[in-house]
file my_file.txt (compact mmCIF, C-alpha atoms)
# COMPACT_ATOMS: atom_id res chain seq x y z
CA MET A 529 75.74 -85.01 -104.12
CA LYS A 530 77.10 -88.55 -104.32
CA LYS A 531 74.85 -91.52 -103.73
CA PHE A 532 76.78 -92.47 -100.59
CA ASP A 533 76.38 -88.95 -99.17
CA LYS A 534 72.66 -89.01 -99.89
CA GLU A 535 72.33 -92.29 -98.01
CA ARG A 536 74.20 -90.84 -95.01
CA VAL A 537 71.88 -87.83 -94.94
CA LEU A 538 68.85 -90.11 -95.26
CA LEU A 539 70.02 -92.27 -92.36
CA ALA A 540 70.76 -89.19 -90.23
CA VAL A 541 67.29 -87.71 -90.81
CA ALA A 542 65.29 -90.95 -90.72
CA GLY A 543 65.90 -91.68 -87.03
CA PRO A 544 64.58 -88.40 -85.57
CA VAL A 545 61.65 -88.27 -88.01
CA ILE A 546 60.57 -91.82 -87.16
CA ALA A 547 60.99 -91.15 -83.44
CA LEU A 548 58.84 -88.01 -83.55
CA ALA A 549 56.17 -89.68 -85.67
CA VAL A 550 55.96 -92.67 -83.33
CA ALA A 551 55.86 -90.38 -80.27
CA PHE A 552 52.99 -88.34 -81.75
CA VAL A 553 51.05 -91.49 -82.63
CA LEU A 554 51.56 -93.06 -79.20
CA SER A 555 50.58 -89.80 -77.48
CA ALA A 556 47.39 -89.74 -79.57
CA ILE A 557 46.65 -93.32 -78.50
CA VAL A 558 47.06 -92.30 -74.84
CA LEU A 559 44.59 -89.44 -75.39
CA ILE A 560 42.07 -91.73 -77.09
CA ALA A 561 42.39 -94.26 -74.26
CA SER A 562 41.57 -91.50 -71.77
CA GLY A 563 38.55 -90.41 -73.79
CA LYS A 564 40.12 -87.19 -75.11
CA ASN A 565 40.41 -85.69 -78.58
CA PRO A 566 43.76 -86.95 -79.98
CA VAL A 567 44.31 -83.95 -82.26
CA GLU A 568 43.15 -80.83 -80.42
CA PRO A 569 45.95 -80.76 -77.78
CA PHE A 570 48.61 -80.66 -80.48
CA ALA A 571 46.70 -78.03 -82.43
CA LEU A 572 46.51 -75.88 -79.29
CA MET A 573 50.24 -76.20 -78.65
CA PHE A 574 51.09 -75.40 -82.26
CA GLU A 575 48.86 -72.33 -81.99
CA GLN A 576 50.80 -71.18 -78.91
CA ALA A 577 54.05 -71.28 -80.88
CA GLY A 578 52.72 -68.43 -83.00
CA PHE A 579 52.63 -65.94 -80.11
CA SER A 580 55.72 -63.77 -79.73
CA ASP A 581 55.86 -64.00 -75.92
CA ILE A 582 55.77 -67.80 -76.07
CA GLN A 583 58.49 -67.73 -78.73
CA VAL A 584 60.74 -65.73 -76.38
CA LEU A 585 60.08 -68.21 -73.57
CA ILE A 586 60.89 -71.11 -75.91
CA ILE A 587 64.18 -69.59 -77.04
CA ASN A 588 65.22 -68.80 -73.47
CA GLN A 589 64.42 -72.29 -72.25
CA ALA A 590 66.04 -73.88 -75.29
CA SER A 591 69.32 -72.06 -74.61
CA MET A 592 69.72 -73.91 -71.30
CA TYR A 593 68.61 -77.22 -72.79
CA TYR A 594 71.06 -76.76 -75.64
CA ILE A 595 74.08 -76.19 -73.38
CA ALA A 596 73.16 -79.18 -71.19
CA ALA A 597 72.71 -81.39 -74.25
CA LEU A 598 76.09 -80.35 -75.66
CA ALA A 599 77.67 -81.44 -72.37
CA VAL A 600 75.99 -84.84 -72.69
CA ALA A 601 76.92 -85.11 -76.38
CA ILE A 602 80.63 -84.67 -75.67
CA GLY A 603 80.47 -87.67 -73.36
CA PHE A 604 78.53 -89.66 -75.95
CA ARG A 605 81.18 -88.99 -78.62
CA MET A 606 83.73 -90.52 -76.22
CA ASN A 607 81.36 -93.43 -75.50
CA LEU A 608 80.80 -92.04 -72.00
CA PHE A 609 77.40 -91.67 -70.33
CA ASN A 610 77.65 -88.54 -68.20
CA ILE A 611 74.44 -88.70 -66.18
CA GLY A 612 75.90 -86.17 -63.78
CA VAL A 613 75.21 -83.13 -65.96
CA ASP A 614 72.33 -82.15 -63.69
CA GLY A 615 74.49 -82.05 -60.58
CA GLN A 616 77.30 -80.27 -62.43
CA TYR A 617 74.87 -77.69 -63.79
CA GLN A 618 73.22 -76.99 -60.42
CA LEU A 619 76.49 -76.78 -58.53
CA GLY A 620 78.03 -74.54 -61.21
CA ALA A 621 75.06 -72.17 -61.11
CA PHE A 622 75.00 -72.15 -57.30
CA MET A 623 78.69 -71.28 -56.96
CA ALA A 624 78.40 -68.59 -59.65
CA ALA A 625 75.47 -67.10 -57.72
CA VAL A 626 77.46 -67.11 -54.48
CA VAL A 627 80.46 -65.44 -56.11
CA GLY A 628 78.18 -62.94 -57.84
CA ALA A 629 76.59 -61.98 -54.53
CA HIS A 630 79.88 -61.51 -52.67
CA ALA A 631 82.26 -60.16 -55.34
CA ASN A 632 81.61 -56.74 -56.83
CA LEU A 633 84.07 -56.07 -59.65
CA PRO A 634 83.62 -53.97 -62.78
CA ALA A 635 81.40 -55.71 -65.33
CA PHE A 636 84.29 -56.55 -67.70
CA LEU A 637 85.85 -58.54 -64.85
CA GLN A 638 82.73 -59.69 -62.99
CA VAL A 639 81.09 -61.50 -65.91
CA PRO A 640 84.22 -63.52 -66.87
CA LEU A 641 84.69 -64.35 -63.18
CA LEU A 642 81.18 -65.79 -62.96
CA LEU A 643 81.59 -67.74 -66.20
CA LEU A 644 84.91 -69.20 -65.04
CA THR A 645 83.45 -70.06 -61.64
CA ALA A 646 80.69 -72.09 -63.30
CA VAL A 647 83.12 -73.71 -65.75
CA PHE A 648 85.65 -74.79 -63.13
CA THR A 649 82.97 -75.96 -60.70
CA GLY A 650 81.32 -78.16 -63.33
CA ALA A 651 84.67 -79.47 -64.57
CA PHE A 652 85.83 -80.27 -61.03
CA TRP A 653 82.63 -82.18 -60.24
CA ALA A 654 82.76 -84.18 -63.48
CA GLY A 655 86.50 -84.69 -63.06
CA ILE A 656 85.88 -86.70 -59.89
CA ALA A 657 83.99 -89.29 -61.94
CA GLY A 658 86.69 -89.14 -64.63
CA VAL A 659 89.50 -89.81 -62.14
CA LEU A 660 87.57 -92.69 -60.57
CA LYS A 661 87.07 -94.25 -63.99
CA VAL A 662 90.66 -94.03 -65.24
CA THR A 663 92.30 -94.96 -61.92
CA ARG A 664 89.85 -97.44 -60.39
CA GLY A 665 87.67 -98.50 -63.30
CA VAL A 666 84.51 -97.14 -61.66
CA SER A 667 81.65 -96.80 -64.13
CA GLU A 668 80.96 -93.15 -64.93
CA VAL A 669 77.24 -93.95 -64.79
CA VAL A 670 77.39 -95.07 -61.16
CA ALA A 671 79.84 -92.34 -60.17
CA THR A 672 77.87 -89.49 -61.71
CA ILE A 673 74.56 -90.71 -60.25
CA MET A 674 76.12 -90.68 -56.79
CA LEU A 675 77.71 -87.28 -57.43
CA ASN A 676 74.28 -85.87 -58.38
CA ALA A 677 72.96 -86.83 -54.95
CA ILE A 678 76.05 -85.43 -53.23
CA ALA A 679 75.75 -82.16 -55.19
CA THR A 680 72.13 -81.75 -54.07
CA SER A 681 73.06 -82.35 -50.44
CA LEU A 682 76.02 -79.98 -50.71
CA ILE A 683 73.79 -77.22 -52.08
CA VAL A 684 71.30 -77.74 -49.24
CA TYR A 685 74.14 -77.41 -46.74
CA MET A 686 75.54 -74.26 -48.36
CA TRP A 687 72.02 -72.77 -48.39
CA LYS A 688 72.11 -72.57 -44.59
CA PRO A 689 72.05 -68.96 -43.34
CA ASP A 690 75.32 -69.43 -41.48
CA VAL A 691 77.08 -70.53 -44.70
CA PHE A 692 75.99 -68.79 -47.94
CA GLY A 693 72.21 -68.84 -47.62
CA VAL A 694 69.97 -65.78 -47.37
CA LYS A 695 66.36 -66.27 -46.26
CA VAL A 696 63.76 -64.27 -48.18
CA GLY A 697 60.43 -65.15 -46.61
CA ASN A 698 60.06 -68.92 -46.95
CA ASN A 699 62.52 -69.04 -49.83
CA SER A 700 66.17 -69.99 -49.50
CA THR A 701 68.42 -67.92 -51.75
CA THR A 702 72.08 -67.03 -52.20
CA GLY A 703 71.28 -63.32 -52.05
CA GLU A 704 70.90 -61.02 -55.03
CA MET A 705 73.94 -60.79 -57.28
CA HIS A 706 75.62 -57.43 -57.88
CA GLU A 707 74.40 -55.72 -61.03
CA SER A 708 77.89 -55.77 -62.57
CA GLY A 709 77.35 -59.50 -63.11
CA TRP A 710 73.98 -59.13 -64.82
CA ILE A 711 73.91 -59.69 -68.57
CA PRO A 712 71.30 -57.60 -70.41
CA GLY A 713 68.96 -59.40 -72.72
CA ILE A 714 67.74 -58.69 -76.22
CA ASP A 715 64.64 -56.49 -75.92
CA MET A 716 61.72 -57.89 -77.92
CA GLY A 717 59.20 -55.25 -76.84
CA ASP A 718 55.98 -56.58 -75.31
CA ALA A 719 57.16 -60.16 -75.90
CA GLY A 720 59.87 -59.78 -73.26
CA GLU A 721 63.64 -60.26 -73.38
CA ILE A 722 65.75 -63.01 -74.87
CA TYR A 723 68.56 -63.97 -72.53
CA GLY A 724 71.87 -62.39 -73.49
CA LEU A 725 73.67 -65.71 -73.00
CA VAL A 726 71.71 -67.24 -75.88
CA VAL A 727 74.71 -65.98 -77.85
CA LEU A 728 76.98 -68.09 -75.61
CA ALA A 729 74.90 -71.18 -76.40
CA ALA A 730 75.33 -70.55 -80.13
CA LEU A 731 79.08 -70.03 -79.74
CA LEU A 732 79.39 -73.26 -77.77
CA GLY A 733 77.61 -75.11 -80.57
CA ILE A 734 79.99 -73.70 -83.17
CA GLY A 735 82.99 -74.50 -80.97
CA TYR A 736 81.72 -78.04 -80.44
CA TRP A 737 81.47 -78.66 -84.20
CA VAL A 738 84.84 -77.10 -85.02
CA THR A 739 86.63 -78.96 -82.24
CA LEU A 740 85.22 -82.36 -83.14
CA ASN A 741 85.48 -82.07 -86.91
CA ARG A 742 88.40 -79.74 -87.60
CA THR A 743 91.00 -80.45 -84.91
CA ARG A 744 93.37 -83.28 -84.04
CA PHE A 745 91.93 -83.38 -80.54
CA GLY A 746 88.44 -83.93 -81.95
CA PHE A 747 89.70 -86.76 -84.15
CA ASP A 748 91.43 -88.39 -81.18
CA LEU A 749 88.26 -88.02 -79.12
CA ARG A 750 86.07 -89.66 -81.76
CA ALA A 751 88.65 -92.37 -82.42
CA SER A 752 88.92 -93.22 -78.72
CA GLY A 753 85.15 -93.41 -78.44
CA ALA A 754 84.90 -95.70 -81.46
CA SER A 755 87.72 -98.07 -80.45
CA GLU A 756 90.13 -97.67 -77.56
CA SER A 757 92.46 -100.35 -78.92
CA ALA A 758 92.64 -98.71 -82.35
CA ALA A 759 93.22 -95.31 -80.73
CA SER A 760 96.02 -96.74 -78.60
CA ALA A 761 97.65 -98.25 -81.68
CA SER A 762 97.74 -94.79 -83.28
CA GLY A 763 99.44 -93.25 -80.26
CA VAL A 764 96.40 -91.87 -78.40
CA ASP A 765 96.13 -92.41 -74.63
CA PRO A 766 92.49 -93.48 -74.08
CA ARG A 767 92.69 -92.89 -70.31
CA ARG A 768 93.79 -89.31 -70.86
CA MET A 769 91.00 -88.81 -73.41
CA VAL A 770 88.40 -90.19 -70.97
CA LEU A 771 89.48 -87.74 -68.27
CA THR A 772 89.67 -84.84 -70.74
CA ALA A 773 86.22 -85.59 -72.14
CA MET A 774 84.70 -85.69 -68.65
CA LEU A 775 86.36 -82.40 -67.72
CA ILE A 776 85.09 -80.66 -70.87
CA SER A 777 81.62 -82.16 -70.48
CA GLY A 778 81.44 -80.93 -66.88
CA ALA A 779 82.78 -77.49 -67.80
CA ILE A 780 80.02 -76.99 -70.38
CA ALA A 781 77.42 -78.43 -67.99
CA GLY A 782 78.40 -75.82 -65.43
CA LEU A 783 77.32 -73.10 -67.86
CA ALA A 784 73.82 -74.50 -68.49
CA GLY A 785 72.15 -72.49 -65.72
CA LEU A 786 73.85 -69.18 -66.40
CA PRO A 787 71.43 -67.86 -69.07
CA ILE A 788 68.63 -67.61 -66.51
CA LEU A 789 70.93 -66.82 -63.56
CA LEU A 790 72.65 -63.84 -65.17
CA GLY A 791 69.73 -62.81 -67.36
CA ASP A 792 66.69 -63.10 -65.11
CA SER A 793 66.73 -64.53 -61.56
CA HIS A 794 70.08 -63.02 -60.42
CA THR A 795 70.04 -65.45 -57.49
CA TYR A 796 69.89 -69.19 -56.88
CA ASN A 797 66.72 -70.05 -54.99
CA LEU A 798 64.14 -72.80 -54.54
CA ASN A 799 62.49 -71.79 -57.83
CA PHE A 800 65.64 -72.32 -59.88
CA PRO A 801 64.93 -74.90 -62.63
CA THR A 802 66.06 -78.47 -61.95
CA GLY A 803 66.25 -81.60 -64.10
CA ILE A 804 67.77 -79.79 -67.08
CA GLY A 805 70.75 -82.15 -67.09
CA PHE A 806 68.50 -85.20 -67.40
CA LEU A 807 66.49 -83.58 -70.19
CA GLY A 808 69.80 -82.91 -71.95
CA ILE A 809 70.26 -86.67 -72.35
CA GLY A 810 67.06 -87.06 -74.37
CA ILE A 811 67.80 -83.92 -76.38
CA ALA A 812 71.31 -85.10 -77.25
CA LEU A 813 69.91 -88.48 -78.31
CA LEU A 814 67.23 -86.91 -80.50
CA GLY A 815 69.76 -84.52 -82.04
CA ARG A 816 72.18 -87.39 -82.72
CA ASN A 817 75.02 -85.45 -81.06
CA SER A 818 74.99 -82.95 -83.92
CA PRO A 819 75.01 -79.25 -82.93
CA VAL A 820 72.29 -78.45 -85.45
CA GLY A 821 70.22 -81.50 -84.54
CA ILE A 822 70.55 -80.70 -80.85
CA ALA A 823 69.37 -77.13 -81.53
CA PHE A 824 66.17 -78.37 -83.16
CA ALA A 825 65.64 -80.93 -80.39
CA ALA A 826 66.14 -78.26 -77.71
CA LEU A 827 63.58 -76.01 -79.38
CA LEU A 828 61.14 -78.93 -79.61
CA TRP A 829 61.56 -79.73 -75.91
CA ALA A 830 61.18 -76.07 -74.94
CA TRP A 831 58.05 -75.80 -77.09
CA LEU A 832 56.50 -78.79 -75.32
CA ASP A 833 57.30 -77.15 -71.97
CA LYS A 834 56.08 -73.64 -72.70
CA ALA A 835 53.07 -74.40 -74.90
CA SER A 836 51.59 -77.15 -72.72
CA PRO A 837 50.21 -74.91 -69.88
CA GLU A 838 47.53 -73.71 -72.31
CA LEU A 839 46.04 -77.23 -72.27
CA ASP A 840 44.79 -76.71 -68.70
CA PHE A 841 42.36 -74.06 -69.95
CA HIS A 842 40.79 -76.45 -72.46
CA GLY A 843 40.20 -79.49 -70.26
CA TYR A 844 43.41 -81.31 -71.09
CA ASP A 845 46.19 -82.25 -68.72
CA LYS A 846 49.42 -80.43 -69.54
CA GLU A 847 51.26 -83.60 -68.48
CA ILE A 848 50.59 -84.87 -72.01
CA ALA A 849 53.73 -82.92 -72.94
CA VAL A 850 55.74 -84.82 -70.32
CA ILE A 851 54.33 -88.10 -71.62
CA MET A 852 55.35 -87.11 -75.12
CA GLN A 853 58.88 -86.24 -74.01
CA GLY A 854 59.23 -89.68 -72.45
CA LEU A 855 57.83 -91.35 -75.56
CA ILE A 856 60.28 -89.42 -77.73
CA VAL A 857 63.22 -90.79 -75.72
CA LEU A 858 61.91 -94.36 -75.99
CA SER A 859 61.13 -93.94 -79.69
CA VAL A 860 64.59 -92.49 -80.33
CA VAL A 861 66.32 -95.57 -78.93
CA VAL A 862 64.14 -97.97 -80.92
CA SER A 863 64.11 -96.00 -84.18
CA TYR A 864 67.87 -95.37 -84.21
CA GLU A 865 68.56 -99.06 -83.74
CA ALA A 866 66.10 -99.91 -86.52
CA VAL A 867 67.67 -97.32 -88.85
CA ARG A 868 71.16 -98.60 -87.99
CA GLU A 869 70.20 -102.17 -88.84
CA TRP A 870 68.58 -100.99 -92.07
CA GLY A 871 71.72 -99.06 -92.99
CA LEU A 872 73.94 -102.07 -92.30
CA ARG A 873 71.78 -104.29 -94.49
CA ARG A 874 71.88 -101.76 -97.33
CA GLN A 875 75.64 -101.51 -97.02
CA GLN A 876 76.01 -105.29 -97.05
CA ARG A 877 73.82 -105.56 -100.16
CA ARG A 878 75.83 -102.82 -101.89
CA VAL A 879 79.14 -104.49 -101.06
CA GLY A 880 77.76 -107.84 -102.22
CA ALA A 881 76.59 -106.30 -105.49
CA GLU A 882 79.99 -104.67 -106.06
CA LEU A 883 81.80 -107.95 -105.39
CA ALA A 884 79.46 -109.80 -107.74
CA ALA A 885 80.02 -107.17 -110.44
CA GLY A 886 83.78 -107.46 -109.92
CA ASN A 887 83.65 -111.25 -110.27
CA VAL A 888 81.63 -110.98 -113.49
CA LEU A 889 84.08 -108.43 -114.89
CA GLY A 890 87.01 -110.65 -113.94
CA ALA A 891 85.40 -113.67 -115.59
CA ASN A 892 84.78 -111.70 -118.78
CA ASN A 893 88.39 -110.53 -118.90
CA THR A 894 89.60 -114.12 -118.42
CA THR A 895 87.35 -115.32 -121.23
CA LYS A 896 88.72 -112.63 -123.57
CA GLU A 897 92.32 -113.60 -122.74
CA VAL A 898 91.63 -117.26 -123.46
CA ALA A 899 89.89 -116.39 -126.73
CA GLY A 900 92.84 -114.18 -127.73
CA ARG A 901 95.23 -117.06 -127.33
call {"tool": "encode", "arguments": {"input": "my_file.txt", "output": "structure tokens"}}
result
Amino acid sequence: MKKFDKERVLLAVAGPVIALAVAFVLSAIVLIASGKNPVEPFALMFEQAGFSDIQVLIINQASMYYIAALAVAIGFRMNLFNIGVDGQYQLGAFMAAVVGAHANLPAFLQVPLLLLTAVFTGAFWAGIAGVLKVTRGVSEVVATIMLNAIATSLIVYMWKPDVFGVKVGNNSTTGEMHESGWIPGIDMGDAGEIYGLVVLAALLGIGYWVTLNRTRFGFDLRASGASESAASASGVDPRRMVLTAMLISGAIAGLAGLPILLGDSHTYNLNFPTGIGFLGIGIALLGRNSPVGIAFAALLWAWLDKASPELDFHGYDKEIAVIMQGLIVLSVVVSYEAVREWGLRRQQRRVGAELAAGNVLGANNTTKEVAGR
């Protein structure tokens, strides 16, 4: 491997490693300040990761985190901050649940119908922010925050019994979906089942990498995100790329809730997980928008979620995991900036050394020419 490639790998790995180390240290300081053992909580959570049932829970949770983070990462690569992934994910899952409860087609038609419903719902909701940005210059941050609130209110309205809601005790649901739309999981015996749509998450990761790194569209997307003026000079329409990126980001976000919807709950109710879109932001940051990095970050986040309940049985607050997740996000921002500055300084020193070597070589050649005369 060339020296330059080694430096790129080092820079790519240094940020997440520093962020995690700082987050662990700061979490330990919080525990010490509260009079707790700073090591035992982490040891307990690491112990939980060795149990097969917890491993299944981690993989299932990570599949949803991974899809949400990919949606965020696509926006990041276009220099867009799609905060609306949470609203797009919830609305996509809700509409898929409604369609699944009212349509009863053969499985080979029902499942694609539900997937497309979630995709188009998420894309439509994100597309509103994209249109506002390219036509009116509205910040996608402001637009998507507002759309999150509107999506929540819209779901509450559609939950009414006289619209799509079905009351089950004190719980509001969309009614149970027809079995033709259920996706069987991977049976792990006593440990439970891994969601069948974990495979979809993996395929989306592969598609994300191939599209960005092996297609003209991916090059145009990255070029537009790096410099709109340079992209325009090469014939790329940045406005079209902004809208396209938002549509794709929303389409993927719409799929984030389907692993649990089609693999476990089979309805959208008050217990359906929320906040996954916001967690996707931190996971995408930690994974540096790389499909492999995001996978590891999603597993880390899921481990913190599923291993932390054990802390309650040993006198520790499970919220230490939430604190650590927040510290990871803060540490990521700081560590990546520090690593970037370090990389720039190394590059400047290398360029300076190469220029100095070139000047010395040029002076030696001039001296030889004069001596030859």
call {"tool": "atom_distance", "arguments": {"input": "my_file.txt", "atom1": "CA of His706 in chain A", "atom2": "CA of Leu728 in chain A"}}
result
20.7 Å
call {"tool": "closest_residue", "arguments": {"input": "my_file.txt", "among": "A:Ala654, A:Ala812, A:Gly791, A:Gly697", "to": "Phe604 in chain A", "atoms": "all atoms listed in the file"}}
result
A:Ala812
call {"tool": "closest_residue", "arguments": {"input": "my_file.txt", "among": "A:Trp737, A:Ala631, A:Phe579, A:Val691", "to": "Gly821 in chain A", "atoms": "only C-alpha atoms"}}
result
A:Trp737
call {"tool": "residues_around", "arguments": {"input": "my_file.txt", "residues": "range 677-679 of chain A", "least_positions_apart": "5", "cutoff": "10 Å", "atoms": "only C-alpha atoms", "output": "list in words"}}
result
Gly612, Asp614, Gly615, Gln616, Tyr617, Gln618, Leu619, Gly620, Trp653, Thr672, Val684 and Tyr685 of chain A
call {"tool": "atom_distance", "arguments": {"input": "my_file.txt", "atom1": "CA of Tyr594 in chain A", "atom2": "CA of Leu548 in chain A"}}
result
18.4 Å
call {"tool": "closest_residue", "arguments": {"input": "my_file.txt", "among": "A:Thr701, A:Ser555, A:Thr649, A:Gln576", "to": "Ser793 in chain A", "atoms": "all atoms listed in the file"}}
result
A:Thr701
call {"tool": "residues_near_point", "arguments": {"input": "my_file.txt", "point": "(74.5, -84.8, -82.4)", "cutoff": "12 Å", "atoms": "only C-alpha atoms", "output": "count of residues only"}}
result
37
call {"tool": "closest_residue", "arguments": {"input": "my_file.txt", "among": "A:Ile851, A:Val738, A:Ile711, A:Leu572", "to": "Val639 in chain A", "atoms": "only C-alpha atoms"}}
result
A:Ile711
call {"tool": "closest_residue", "arguments": {"input": "my_file.txt", "among": "A:Glu847, A:Gly782, A:Glu704, A:Arg878", "to": "Val647 in chain A", "atoms": "all atoms listed in the file"}}
result
A:Gly782
call {"tool": "closest_residue", "arguments": {"input": "my_file.txt", "among": "A:Ile656, A:Ala596, A:Val666, A:Met705", "to": "His630 in chain A", "atoms": "only C-alpha atoms"}}
result
A:Met705
call {"tool": "atom_distance", "arguments": {"input": "my_file.txt", "atom1": "CA of Ile722 in chain A", "atom2": "CA of Leu585 in chain A"}}
result
7.8 Å
